Amino acid sequence: MPKKVLWLIIIFTILFIIGVNTGELGYLMNLGNTI
Amino acid sequence: MTRLRSLIQTLMALGTNAYLLFPFGGAVIYQGPLKAVCHPGLNCYSCPGALLSCPVGAFQNFMASLRFSTGGFPLTGAIVLGYLGFIGTAVGRMTCGWVCPFGFIQDLIHKIPTPKFPLWKPLRWVKYAVLGLMVVAMPVLFVDGSGLGHPWFCKLVCPAGTLEGAFPLLLLKPGLWDTVGLFFWNKVAVLILILVGAILISRFFCRVICPLGAFYALFSRMSLVQLEYVAGNCVECGACVRHCPTGVVPNQEFDSRECIMCLKCVDACHFRALDFGMRRPPGKPARVKRATSPL
């Protein structure tokens, strides 16, 4: 696996974890109230 | 391979729009825990059957609320960006070719027997402008007095929203006709243009307008999987070009951002000049395989 791919996967996984831990999951679930 | 792809496209389109209780309960659209997950393709959040969120709609809503202060940590859409970036890095635009419901709709309506036309190639750049302007910039820049923006792509363009969301909702809840205004009729006109475009030009929306396709295209040259071209096997018969739904010339455009990895070209090539597999580290040559006889 090229190193660039590995780094990108790590970066996007970290971004996802940041999103989960800053409450974005709850925001996503409540989108139905605004759409 | 074509049958397998059609099967997966059908299963994804039906499976992710499998909420069948909408005619009964109080709420018309599903709002359960699965809505915390985004669909990897373009599929409207407001489709009465949709079990998952639309990634483009969700990201726009994050951007739209960026300047709306709630006192807490600003919500930047990192969860959607991380999710889509992960998918893009893993499979690139293969998502468009294999799992996107709106891509599947376009594949189906393109089978309608009419004269077919090629796409004027510079139009392919429009989708990057749509991504940058309508999905990222406009929701952040154009805000109301409270600092809240709008999902402009959903409001002005998204044909999946009109077809999968607005029409079924208006059918199920006729009272909603009272809320219909200029934005709706604008989107109906856009939808008609896009559907006619998709009948005449293969994957018209994916190639010209789709911001999700534009995002995944950014990863086409670095995704984990790739379409491999074995120059030694190619006899330049042009079979791959004739079968490509996005107008790619595989022996000239390596790792094209337009390639949705539908693998029609791999099926069409009798000389095994095209193959699909994991990306090799730079400098490592492609495998040369023995060609099979086309006869």
# chains A, B, ... in the order shown; residues from 1 in each chain; ligands from 1

$ closest_atom_pairs --of "chain A" --to "chain B" --cutoff "6 Å" --atoms "only C-alpha atoms" --output "CSV"
residue,atom,partner,partner_atom,distance
A:Pro2,CA,B:Pro281,CA,4.7
A:Ile9,CA,B:Phe86,CA,5.7
A:Phe12,CA,B:Gly82,CA,4.2
A:Thr13,CA,B:Gly82,CA,5.9
A:Leu15,CA,B:Gly82,CA,4.9
A:Phe16,CA,B:Ile79,CA,4.3
A:Gly19,CA,B:Ile79,CA,4.1
A:Leu25,CA,B:Ala36,CA,5.8
A:Leu28,CA,B:Ala36,CA,5.2
A:Met29,CA,B:Ala36,CA,4.8

$ residues_around --residues "Glu228 of chain B" --least-positions-apart "5" --cutoff "8 Å" --atoms "only C-alpha atoms" --output "PyMOL selection string"
chain B and resi 274-277+286

$ write_last_selection --atoms "N, CA and C atoms" --output "PDB file, in the first residue's frame"
ATOM      1  N   LEU B 274      -6.463  -4.114 -19.616  1.00  0.00           N
ATOM      2  CA  LEU B 274      -6.986  -3.373 -18.465  1.00  0.00           C
ATOM      3  C   LEU B 274      -7.322  -4.350 -17.353  1.00  0.00           C
ATOM      4  N   ASP B 275      -6.969  -3.956 -16.164  1.00  0.00           N
ATOM      5  CA  ASP B 275      -7.230  -4.825 -15.020  1.00  0.00           C
ATOM      6  C   ASP B 275      -7.575  -3.943 -13.827  1.00  0.00           C
ATOM      7  N   PHE B 276      -8.220  -4.522 -12.857  1.00  0.00           N
ATOM      8  CA  PHE B 276      -8.602  -3.765 -11.671  1.00  0.00           C
ATOM      9  C   PHE B 276      -7.908  -4.392 -10.470  1.00  0.00           C
ATOM     10  N   GLY B 277      -7.314  -3.575  -9.631  1.00  0.00           N
ATOM     11  CA  GLY B 277      -6.653  -4.146  -8.464  1.00  0.00           C
ATOM     12  C   GLY B 277      -6.165  -3.081  -7.500  1.00  0.00           C
ATOM     13  N   ALA B 286       3.334  -2.554 -13.691  1.00  0.00           N
ATOM     14  CA  ALA B 286       2.108  -3.358 -13.753  1.00  0.00           C
ATOM     15  C   ALA B 286       2.434  -4.758 -14.229  1.00  0.00           C
TER      16      ALA B 286
END

$ select_by_dssp --residues "segment 224-253 of chain B" --states "helix (DSSP H, G or I)" --output "JSON, numbers by chain"
{"B": [231, 232, 233, 239, 240, 241, 242, 243]}

$ atom_distance --atom1 "atom CA of Leu11 of chain B" --atom2 "atom CA of Pro168 of chain B"
20.3 Å

$ atom_distance --atom1 "atom CA of Ala160 of chain B" --atom2 "atom CA of Ala217 of chain B"
19.6 Å
